[in-house]
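Colleague: I'm passing along target20.json; it holds JSON, C-alpha atoms.
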```
[["chain", "number", "residue", "atom", "x", "y", "z"],
["A", 24, "MET", "CA", 10.47, -24.24, 12.76],
["A", 25, "LYS", "CA", 10.80, -23.47, 9.06],
["A", 26, "PRO", "CA", 12.22, -26.36, 6.97],
["A", 27, "PRO", "CA", 15.67, -25.85, 5.41],
["A", 28, "ILE", "CA", 15.66, -24.50, 1.86],
["A", 29, "GLY", "CA", 15.36, -27.33, -0.63],
["A", 30, "ARG", "CA", 13.87, -28.27, -3.97],
["A", 31, "ASP", "CA", 10.30, -28.01, -2.63],
["A", 32, "THR", "CA", 10.80, -24.53, -1.14],
["A", 33, "GLN", "CA", 8.44, -22.00, -2.73],
["A", 34, "LEU", "CA", 9.85, -18.63, -3.73],
["A", 35, "CYS", "CA", 8.00, -15.33, -3.37],
["A", 36, "MET", "CA", 9.44, -12.00, -4.42],
["A", 37, "SER", "CA", 8.91, -8.30, -4.93],
["A", 38, "LEU", "CA", 9.59, -5.98, -7.86],
["A", 39, "SER", "CA", 10.35, -2.35, -7.16],
["A", 40, "ALA", "CA", 12.36, 0.50, -8.62],
["A", 41, "ARG", "CA", 13.96, 0.94, -5.19],
["A", 42, "PRO", "CA", 14.02, -2.43, -3.40],
["A", 43, "GLY", "CA", 14.23, -2.40, 0.37],
["A", 44, "ASN", "CA", 14.59, -4.98, 3.11],
["A", 45, "ALA", "CA", 11.36, -4.49, 5.05],
["A", 46, "GLY", "CA", 9.15, -6.75, 2.92],
["A", 47, "SER", "CA", 11.68, -9.57, 2.91],
["A", 48, "ARG", "CA", 12.11, -9.34, 6.67],
["A", 49, "LEU", "CA", 8.37, -9.37, 7.33],
["A", 50, "HIS", "CA", 7.50, -12.27, 5.03],
["A", 51, "ASN", "CA", 10.48, -14.39, 6.05],
["A", 52, "ALA", "CA", 9.77, -13.78, 9.74],
["A", 53, "LEU", "CA", 6.21, -15.02, 9.25],
["A", 54, "TYR", "CA", 7.40, -18.08, 7.31],
["A", 55, "GLU", "CA", 9.70, -18.85, 10.23],
["A", 56, "ALA", "CA", 7.01, -18.28, 12.86],
["A", 57, "LEU", "CA", 4.56, -20.57, 11.03],
["A", 58, "GLY", "CA", 7.07, -23.18, 9.89],
["A", 59, "LEU", "CA", 6.30, -22.68, 6.19],
["A", 60, "ASP", "CA", 8.63, -23.85, 3.44],
["A", 61, "PHE", "CA", 8.82, -20.49, 1.67],
["A", 62, "VAL", "CA", 11.50, -17.87, 1.10],
["A", 63, "TYR", "CA", 11.09, -14.22, 0.04],
["A", 64, "LYS", "CA", 13.52, -11.99, -1.88],
["A", 65, "SER", "CA", 13.26, -8.46, -3.26],
["A", 66, "PHE", "CA", 14.33, -7.56, -6.81],
["A", 67, "SER", "CA", 14.42, -4.65, -9.23],
["A", 68, "THR", "CA", 14.28, -4.86, -13.01],
["A", 69, "LYS", "CA", 14.83, -2.85, -16.15],
["A", 70, "ASP", "CA", 12.95, -5.45, -18.21],
["A", 71, "LEU", "CA", 9.48, -5.89, -16.76],
["A", 72, "PRO", "CA", 8.14, -8.32, -19.40],
["A", 73, "ALA", "CA", 11.12, -10.62, -18.86],
["A", 74, "ALA", "CA", 10.73, -10.43, -15.09],
["A", 75, "ILE", "CA", 7.04, -11.39, -15.27],
["A", 76, "GLY", "CA", 7.90, -14.15, -17.72],
["A", 77, "GLY", "CA", 10.39, -15.43, -15.17],
["A", 78, "ILE", "CA", 7.68, -15.63, -12.51],
["A", 79, "ARG", "CA", 5.67, -17.89, -14.80],
["A", 80, "ALA", "CA", 8.61, -19.93, -16.11],
["A", 81, "LEU", "CA", 10.20, -20.58, -12.70],
["A", 82, "SER", "CA", 6.91, -21.27, -10.84],
["A", 83, "ILE", "CA", 7.51, -18.39, -8.43],
["A", 84, "ARG", "CA", 4.46, -18.47, -6.18],
["A", 85, "GLY", "CA", 3.86, -14.76, -5.73],
["A", 86, "CYS", "CA", 5.24, -11.31, -6.42],
["A", 87, "ALA", "CA", 4.62, -7.95, -4.77],
["A", 88, "ILE", "CA", 4.54, -5.09, -7.28],
["A", 89, "SER", "CA", 5.66, -1.61, -6.26],
["A", 90, "MET", "CA", 6.14, 1.72, -8.01],
["A", 91, "PRO", "CA", 6.49, 2.26, -10.92],
["A", 92, "PHE", "CA", 5.15, -1.09, -12.15],
["A", 93, "LYS", "CA", 1.63, -1.26, -10.70],
["A", 94, "GLU", "CA", -0.12, -0.32, -13.94],
["A", 95, "ASP", "CA", 2.47, -1.46, -16.51],
["A", 96, "VAL", "CA", 2.23, -5.03, -15.25],
["A", 97, "ILE", "CA", -1.45, -5.43, -16.15],
["A", 98, "PRO", "CA", -1.02, -6.39, -19.86],
["A", 99, "LEU", "CA", 1.60, -8.97, -18.86],
["A", 100, "ILE", "CA", -0.61, -11.14, -16.64],
["A", 101, "ASP", "CA", -3.58, -13.42, -17.28],
["A", 102, "ALA", "CA", -6.39, -12.21, -15.01],
["A", 103, "LEU", "CA", -7.37, -9.51, -12.54],
["A", 104, "GLU", "CA", -9.22, -9.89, -9.26],
["A", 105, "PRO", "CA", -12.30, -7.58, -9.37],
["A", 106, "SER", "CA", -10.97, -4.76, -7.16],
["A", 107, "ALA", "CA", -7.67, -4.64, -9.09],
["A", 108, "ALA", "CA", -9.64, -4.53, -12.35],
["A", 109, "VAL", "CA", -11.74, -1.59, -11.19],
["A", 110, "ILE", "CA", -8.74, 0.28, -9.80],
["A", 111, "GLU", "CA", -6.57, -0.64, -12.80],
["A", 112, "SER", "CA", -3.60, -1.09, -10.46],
["A", 113, "VAL", "CA", -1.90, -4.30, -9.33],
["A", 114, "ASN", "CA", 0.35, -4.65, -6.30],
["A", 115, "THR", "CA", 0.28, -8.47, -6.02],
["A", 116, "ILE", "CA", 0.62, -11.33, -8.48],
["A", 117, "VAL", "CA", -0.31, -14.89, -7.54],
["A", 118, "ASN", "CA", 0.92, -17.75, -9.72],
["A", 119, "ASP", "CA", -1.43, -20.76, -9.85],
["A", 120, "ASP", "CA", 0.20, -23.37, -12.09],
["A", 121, "GLY", "CA", 1.35, -20.78, -14.59],
["A", 122, "VAL", "CA", -1.77, -18.60, -14.48],
["A", 123, "LEU", "CA", -0.87, -15.15, -13.15],
["A", 124, "THR", "CA", -3.65, -13.24, -11.39],
["A", 125, "GLY", "CA", -3.32, -9.63, -10.23],
["A", 126, "TYR", "CA", -4.69, -8.37, -6.91],
["A", 127, "ASN", "CA", -4.63, -5.08, -5.05],
["A", 128, "THR", "CA", -4.02, -5.60, -1.34],
["A", 129, "ASP", "CA", -3.32, -1.87, -0.89],
["A", 130, "TYR", "CA", -7.07, -1.38, -1.32],
["A", 131, "ILE", "CA", -7.81, -3.93, 1.42],
["A", 132, "ALA", "CA", -5.29, -2.39, 3.83],
["A", 133, "VAL", "CA", -6.51, 1.19, 3.33],
["A", 134, "ARG", "CA", -10.15, 0.17, 3.68],
["A", 135, "ASP", "CA", -9.45, -1.75, 6.89],
["A", 136, "LEU", "CA", -7.39, 1.07, 8.43],
["A", 137, "LEU", "CA", -10.11, 3.67, 7.76],
["A", 138, "GLU", "CA", -12.69, 1.36, 9.30],
["A", 139, "ARG", "CA", -10.57, 0.58, 12.36],
["A", 140, "ARG", "CA", -9.95, 4.29, 12.98],
["A", 141, "ALA", "CA", -13.76, 4.71, 12.85],
["A", 142, "ILE", "CA", -13.56, 7.74, 10.54],
["A", 143, "ASP", "CA", -17.07, 8.91, 9.66],
["A", 144, "PRO", "CA", -17.69, 8.53, 5.89],
["A", 145, "SER", "CA", -19.39, 11.92, 5.88],
["A", 146, "THR", "CA", -15.97, 13.49, 6.57],
["A", 147, "PRO", "CA", -14.71, 15.64, 3.66],
["A", 148, "PHE", "CA", -11.19, 14.83, 2.47],
["A", 149, "VAL", "CA", -8.40, 16.13, 0.28],
["A", 150, "LEU", "CA", -6.20, 13.53, -1.39],
["A", 151, "ARG", "CA", -2.92, 14.51, -3.06],
["A", 152, "GLY", "CA", -1.81, 12.20, -5.88],
["A", 153, "SER", "CA", -3.15, 10.34, -8.90],
["A", 154, "GLY", "CA", -0.92, 7.28, -9.38],
["A", 155, "GLY", "CA", -1.58, 3.61, -8.73],
["A", 156, "MET", "CA", -1.64, 3.94, -4.95],
["A", 157, "ALA", "CA", -3.92, 6.98, -5.18],
["A", 158, "LYS", "CA", -6.34, 4.85, -7.19],
["A", 159, "ALA", "CA", -6.41, 2.24, -4.42],
["A", 160, "VAL", "CA", -6.98, 4.87, -1.72],
["A", 161, "ALA", "CA", -9.73, 6.63, -3.69],
["A", 162, "ALA", "CA", -11.45, 3.30, -4.38],
["A", 163, "ALA", "CA", -11.33, 2.37, -0.70],
["A", 164, "LEU", "CA", -12.77, 5.74, 0.31],
["A", 165, "HIS", "CA", -15.57, 5.41, -2.23],
["A", 166, "GLY", "CA", -16.28, 1.85, -1.16],
["A", 167, "LEU", "CA", -16.72, 3.00, 2.45],
["A", 168, "GLY", "CA", -19.14, 5.74, 1.41],
["A", 169, "PHE", "CA", -16.90, 8.83, 1.50],
["A", 170, "ALA", "CA", -18.65, 11.19, -0.91],
["A", 171, "GLN", "CA", -17.10, 14.62, -0.27],
["A", 172, "GLY", "CA", -13.59, 14.56, -1.65],
["A", 173, "THR", "CA", -11.11, 16.51, -3.75],
["A", 174, "ILE", "CA", -8.31, 14.88, -5.73],
["A", 175, "VAL", "CA", -5.34, 17.23, -6.02],
["A", 176, "ALA", "CA", -3.04, 16.32, -8.90],
["A", 177, "ARG", "CA", -0.95, 18.39, -11.26],
["A", 178, "ASN", "CA", -1.32, 15.70, -13.92],
["A", 179, "GLN", "CA", -4.68, 16.88, -15.23],
["A", 180, "PRO", "CA", -5.69, 13.85, -17.33],
["A", 181, "ARG", "CA", -4.91, 11.39, -14.54],
["A", 182, "GLY", "CA", -6.32, 13.57, -11.79],
["A", 183, "GLU", "CA", -9.54, 14.33, -13.63],
["A", 184, "ALA", "CA", -10.01, 10.69, -14.59],
["A", 185, "LEU", "CA", -9.53, 9.50, -11.01],
["A", 186, "ALA", "CA", -11.91, 12.12, -9.63],
["A", 187, "LYS", "CA", -14.55, 11.40, -12.27],
["A", 188, "ALA", "CA", -14.38, 7.65, -11.64],
["A", 189, "TYR", "CA", -15.67, 8.12, -8.09],
["A", 190, "GLY", "CA", -17.62, 11.35, -8.27],
["A", 191, "TYR", "CA", -15.00, 13.52, -6.57],
["A", 192, "ARG", "CA", -13.71, 16.97, -7.48],
["A", 193, "TRP", "CA", -10.35, 17.55, -9.15],
["A", 194, "SER", "CA", -7.97, 20.43, -8.62],
["A", 195, "ALA", "CA", -4.47, 21.07, -9.92],
["A", 196, "ASP", "CA", -3.56, 22.81, -6.67],
["A", 197, "LEU", "CA", -4.76, 22.71, -3.08],
["A", 198, "PRO", "CA", -8.22, 24.25, -2.74],
["A", 199, "GLU", "CA", -8.75, 27.38, -0.65],
["A", 200, "SER", "CA", -10.07, 25.58, 2.43],
["A", 201, "PRO", "CA", -8.56, 22.62, 4.32],
["A", 202, "ALA", "CA", -10.47, 19.41, 4.98],
["A", 203, "PRO", "CA", -10.86, 17.33, 8.16],
["A", 204, "LEU", "CA", -9.19, 14.33, 6.48],
["A", 205, "LEU", "CA", -5.89, 14.94, 4.68],
["A", 206, "ILE", "CA", -4.30, 12.14, 2.64],
["A", 207, "ASN", "CA", -0.87, 12.25, 1.02],
["A", 208, "VAL", "CA", -0.25, 9.81, -1.83],
["A", 209, "THR", "CA", 2.80, 11.59, -3.30],
["A", 210, "PRO", "CA", 6.56, 11.30, -2.63],
["A", 211, "LEU", "CA", 6.46, 14.40, -0.40],
["A", 212, "GLY", "CA", 8.18, 13.45, 2.87],
["A", 213, "MET", "CA", 9.72, 10.27, 1.44],
["A", 214, "GLU", "CA", 13.36, 9.42, 2.17],
["A", 215, "GLY", "CA", 15.59, 11.10, -0.39],
["A", 216, "ALA", "CA", 15.18, 14.43, -2.15],
["A", 217, "ASN", "CA", 11.71, 15.10, -0.68],
["A", 218, "SER", "CA", 12.43, 14.03, 2.91],
["A", 219, "ALA", "CA", 11.98, 17.47, 4.47],
["A", 220, "ASP", "CA", 8.80, 18.40, 2.56],
["A", 221, "LEU", "CA", 5.44, 18.80, 4.28],
["A", 222, "ALA", "CA", 2.68, 17.19, 2.24],
["A", 223, "PHE", "CA", 0.24, 19.88, 3.40],
["A", 224, "PRO", "CA", 0.73, 23.39, 4.78],
["A", 225, "GLN", "CA", 1.09, 23.73, 8.55],
["A", 226, "ASP", "CA", -2.19, 25.64, 8.91],
["A", 227, "TRP", "CA", -4.00, 22.82, 7.09],
["A", 228, "ILE", "CA", -2.51, 20.28, 9.46],
["A", 229, "GLU", "CA", -3.61, 22.39, 12.42],
["A", 230, "ALA", "CA", -7.17, 22.47, 11.04],
["A", 231, "CYS", "CA", -7.51, 18.78, 10.20],
["A", 232, "GLN", "CA", -8.77, 15.91, 12.33],
["A", 233, "THR", "CA", -6.97, 12.99, 10.65],
["A", 234, "ALA", "CA", -3.65, 12.87, 8.81],
["A", 235, "PHE", "CA", -3.05, 9.90, 6.52],
["A", 236, "ASP", "CA", 0.29, 9.49, 4.73],
["A", 237, "VAL", "CA", 0.94, 6.46, 2.51],
["A", 238, "VAL", "CA", 4.69, 7.12, 2.50],
["A", 239, "ALA", "CA", 6.21, 4.15, 4.34],
["A", 240, "GLN", "CA", 9.85, 5.20, 4.52],
["A", 241, "PRO", "CA", 10.13, 6.90, 6.89],
["A", 242, "ALA", "CA", 7.06, 5.91, 8.88],
["A", 243, "ASP", "CA", 7.13, 9.28, 10.66],
["A", 244, "THR", "CA", 7.08, 11.72, 7.75],
["A", 245, "PRO", "CA", 7.21, 15.47, 8.44],
["A", 246, "PHE", "CA", 3.44, 15.58, 7.76],
["A", 247, "LEU", "CA", 2.68, 12.88, 10.33],
["A", 248, "LYS", "CA", 5.15, 14.29, 12.88],
["A", 249, "ALA", "CA", 3.44, 17.67, 12.68],
["A", 250, "ALA", "CA", -0.02, 16.11, 12.99],
["A", 251, "GLU", "CA", 0.91, 13.83, 15.88],
["A", 252, "ALA", "CA", 2.44, 16.75, 17.78],
["A", 253, "LEU", "CA", -0.94, 18.46, 17.51],
["A", 254, "GLY", "CA", -2.82, 15.42, 18.81],
["A", 255, "LYS", "CA", -4.41, 14.51, 15.47],
["A", 256, "THR", "CA", -5.44, 10.99, 14.51],
["A", 257, "ILE", "CA", -2.74, 9.60, 12.22],
["A", 258, "ILE", "CA", -2.54, 6.69, 9.79],
["A", 259, "SER", "CA", 0.93, 5.87, 8.51],
["A", 260, "GLY", "CA", 2.19, 4.31, 5.32],
["A", 261, "ALA", "CA", 4.08, 1.80, 7.46],
["A", 262, "GLU", "CA", 0.73, 0.50, 8.73],
["A", 263, "VAL", "CA", -0.53, 0.23, 5.16],
["A", 264, "ILE", "CA", 2.55, -1.63, 3.99],
["A", 265, "VAL", "CA", 2.36, -4.12, 6.89],
["A", 266, "LEU", "CA", -1.34, -4.87, 6.49],
["A", 267, "GLN", "CA", -1.18, -5.16, 2.69],
["A", 268, "ALA", "CA", 1.82, -7.49, 3.06],
["A", 269, "VAL", "CA", -0.17, -9.69, 5.44],
["A", 270, "GLU", "CA", -2.92, -9.97, 2.81],
["A", 271, "GLN", "CA", -0.26, -10.91, 0.25],
["A", 272, "PHE", "CA", 1.09, -13.52, 2.67],
["A", 273, "VAL", "CA", -2.39, -15.06, 2.97],
["A", 274, "LEU", "CA", -2.78, -15.16, -0.83],
["A", 275, "TYR", "CA", 0.60, -16.85, -1.27],
["A", 276, "THR", "CA", 0.40, -19.37, 1.58],
["A", 277, "GLY", "CA", -3.30, -19.84, 2.39],
["A", 278, "THR", "CA", -2.46, -19.17, 6.05],
["A", 279, "ARG", "CA", -3.43, -16.11, 8.13],
["A", 280, "PRO", "CA", -0.99, -15.25, 10.92],
["A", 281, "TRP", "CA", -2.12, -14.43, 14.45],
["A", 282, "PRO", "CA", -1.99, -10.73, 15.51],
["A", 283, "GLN", "CA", 0.97, -11.37, 17.83],
["A", 284, "GLN", "CA", 2.88, -12.98, 14.97],
["A", 285, "ILE", "CA", 2.14, -9.99, 12.72],
["A", 286, "ARG", "CA", 3.30, -7.53, 15.38],
["A", 287, "ALA", "CA", 6.53, -9.45, 15.96],
["A", 288, "ALA", "CA", 7.26, -9.57, 12.22],
["A", 289, "ALA", "CA", 6.37, -5.88, 11.84],
["A", 290, "ALA", "CA", 8.70, -4.95, 14.70],
["A", 291, "LEU", "CA", 11.54, -6.79, 12.96],
["A", 292, "ALA", "CA", 10.78, -5.18, 9.60],
["A", 293, "HIS", "CA", 9.74, -1.67, 10.59],
["A", 294, "GLY", "CA", 10.57, -1.19, 14.27],
["A", 295, "GLU", "CA", 8.74, -1.43, 17.57],
["A", 296, "ALA", "CA", 7.03, 1.96, 17.20],
["A", 297, "VAL", "CA", 5.25, 0.90, 14.01],
["A", 298, "ALA", "CA", 4.30, -2.50, 15.43],
["A", 299, "ALA", "CA", 2.83, -0.90, 18.55],
["A", 300, "LYS", "CA", 0.50, 1.29, 16.47],
["A", 301, "LEU", "CA", -0.89, -1.48, 14.27],
["A", 302, "ALA", "CA", -4.67, -1.82, 14.43],
["A", 303, "LEU", "CA", -5.16, -5.59, 14.42]]
```
What is this structure when it is put down as structure tokens?
Modeller:
Amino acid sequence: MKPPIGRDTQLCMSLSARPGNAGSRLHNALYEALGLDFVYKSFSTKDLPAAIGGIRALSIRGCAISMPFKEDVIPLIDALEPSAAVIESVNTIVNDDGVLTGYNTDYIAVRDLLERRAIDPSTPFVLRGSGGMAKAVAAALHGLGFAQGTIVARNQPRGEALAKAYGYRWSADLPESPAPLLINVTPLGMEGANSADLAFPQDWIEACQTAFDVVAQPADTPFLKAAEALGKTIISGAEVIVLQAVEQFVLYTGTRPWPQQIRAAAALAHGEAVAAKLAL
């Protein structure tokens, strides 16, 4: 059983423009399951430098970084783990006695999910997006040997730079032909104003083999619903967010949970359907 909160309790946190409850539920459930003297709380901020200074000043053990802070946080910390340095995107900060190091556990989660789904690296893909998460996905694809890819991004400087970094093509709009692997790294399908939007046209979904959507809320975006109804292989953003959170948990605590503990925590945070689909 987890010890009661006291002066020795270590605090972990998250920073996001739109804080939710899922991360707090998952981390706190794992602390409870493993009897660790930690507590986790989500925050937002309008003063990023002050928030990062607070992590250092208050000896907060770790911080998850979400949109739109994944790149802006880099000048505010002391060091970058190699994959975060290459991607130039941080989703995790670990505080070791006042030294703040940035990591990218999104990269680890995406890489592991692609491997576990046994997707052939010779498979051509189309990836929509060019932000911090898109960088992590593109880096994971490249690291696994995926060589035939198109980055679709309306932001030409960012899209071209991301494509060039890994030897992929760039396009401002969807190319003429669909690809077997479709990856959405945009807000299309996310809860809110874009919740009804398909990330890819219906005929593209019908032609693909695998549909991968990094949107985590909801886990069943219109894109993934359409693909699942057609019997396609799907990878959800909820899976990514669970697996990257587990890697954060390990960095913060030095302890790796058992698969059954991860599934139980994921069920509490994201629901039984997401937990049942986790590849662990």
Colleague: Which residue is closest to Glu270 of chain A? Choose from A:Phe246, A:Tyr54, A:Phe169, A:Tyr130 and count all atoms listed in the file.
Modeller: A:Tyr130
Colleague: Can you work out which one of A:Asn178, A:Ser82, A:Ser106, A:Ser194 has the shortest atom-to-atom distance to Val122 of chain A, counting only C-alpha atoms?
Modeller: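 Closest candidate: A:Ser82.
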Colleague: Just the residues within 7 Å of Gln232 of chain A, please, counting only C-alpha atoms, with nothing from its chain fewer than 6 positions along; format it as a VMD selection string.
Modeller: chain A and resid 203 to 204 255 to 256
Colleague: Env of Glu94 of chain A: 9 Å cut, atoms = all atoms listed in the file, seq-sep filter 3 positions within chain, self excluded. Answer as number ranges by chain.
Modeller: A: 90-91, 97-98, 111-114, 154-155
Colleague: Go through A:Thr128, A:Gln271, A:Asn44, A:Ser153 and flag the residue nearest Cys86 of chain A, using all atoms listed in the file for the distances.
Modeller: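 Selected residue with least distance to Cys86 of chain A: A:Gln271.
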Colleague: Please return as a PyMOL selection string every residue within 10 Å of (-1.5, 14.3, 9.8), taking into account only C-alpha atoms and the file's own coordinates.
Modeller: chain A and resi 203-207+221-223+225+227-229+231-236+244-259
Colleague: Show me, as a ChimeraX atom specification, the residues that have an atom within 8 Å of Ala56 of chain A when counting only C-alpha atoms, minus same-chain residues fewer than 4 positions from it.
Modeller: /A:24-25,52,284
Colleague: Val62 of chain A: which residues within 12 Å, counting only C-alpha atoms, same-chain residues fewer than 2 positions away excluded, as a ChimeraX atom specification?
Modeller: /A:25-37,46-55,58-60,64-65,83-86,272,275-276
Colleague: Could you jot down the atom CA of Pro224 of chain A to atom CA of Val175 of chain A separation for me, Å, one decimal place?
Modeller: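 Atom CA of Pro224 of chain A sits 13.8 Å away from atom CA of Val175 of chain A.
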Colleague: Calculate how many Å separate atom CA of Thr173 of chain A from atom CA of Val149 of chain A, rounding to one decimal.
Modeller: 4.9 Å
Colleague: Can you measure atom CA of Lys187 of chain A to atom CA of Ser145 of chain A for me? One decimal in Å is fine.
Modeller: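 About the pair atom CA of Lys187 of chain A and atom CA of Ser145 of chain A: they are 18.8 Å apart.
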Colleague: Could you pull out every residue with an atom within 9 Å of (2.5, -9.1, -14.1), file coordinates, counting only C-alpha atoms, and send them as a list in words?
Modeller: Leu71, Pro72, Ala74, Ile75, Gly76, Ile78, Cys86, Ile88, Phe92, Lys93, Asp95, Val96, Ile97, Pro98, Leu99, Ile100, Asp101, Val113, Thr115, Ile116, Leu123, Thr124 and Gly125 of chain A
Colleague: Just the residues within 9 Å of Leu164 of chain A, please, counting all atoms listed in the file, with nothing from its chain fewer than 4 positions along; format it as an NGL selection string.
Modeller: :A and (133-134 or 137 or 144 or 159-160 or 168-170)
Colleague: For Thr146 of chain A, which of A:His165, A:Arg286, A:Lys158, A:Arg279 is the closest residue, counting all atoms listed in the file?
Modeller: A:His165
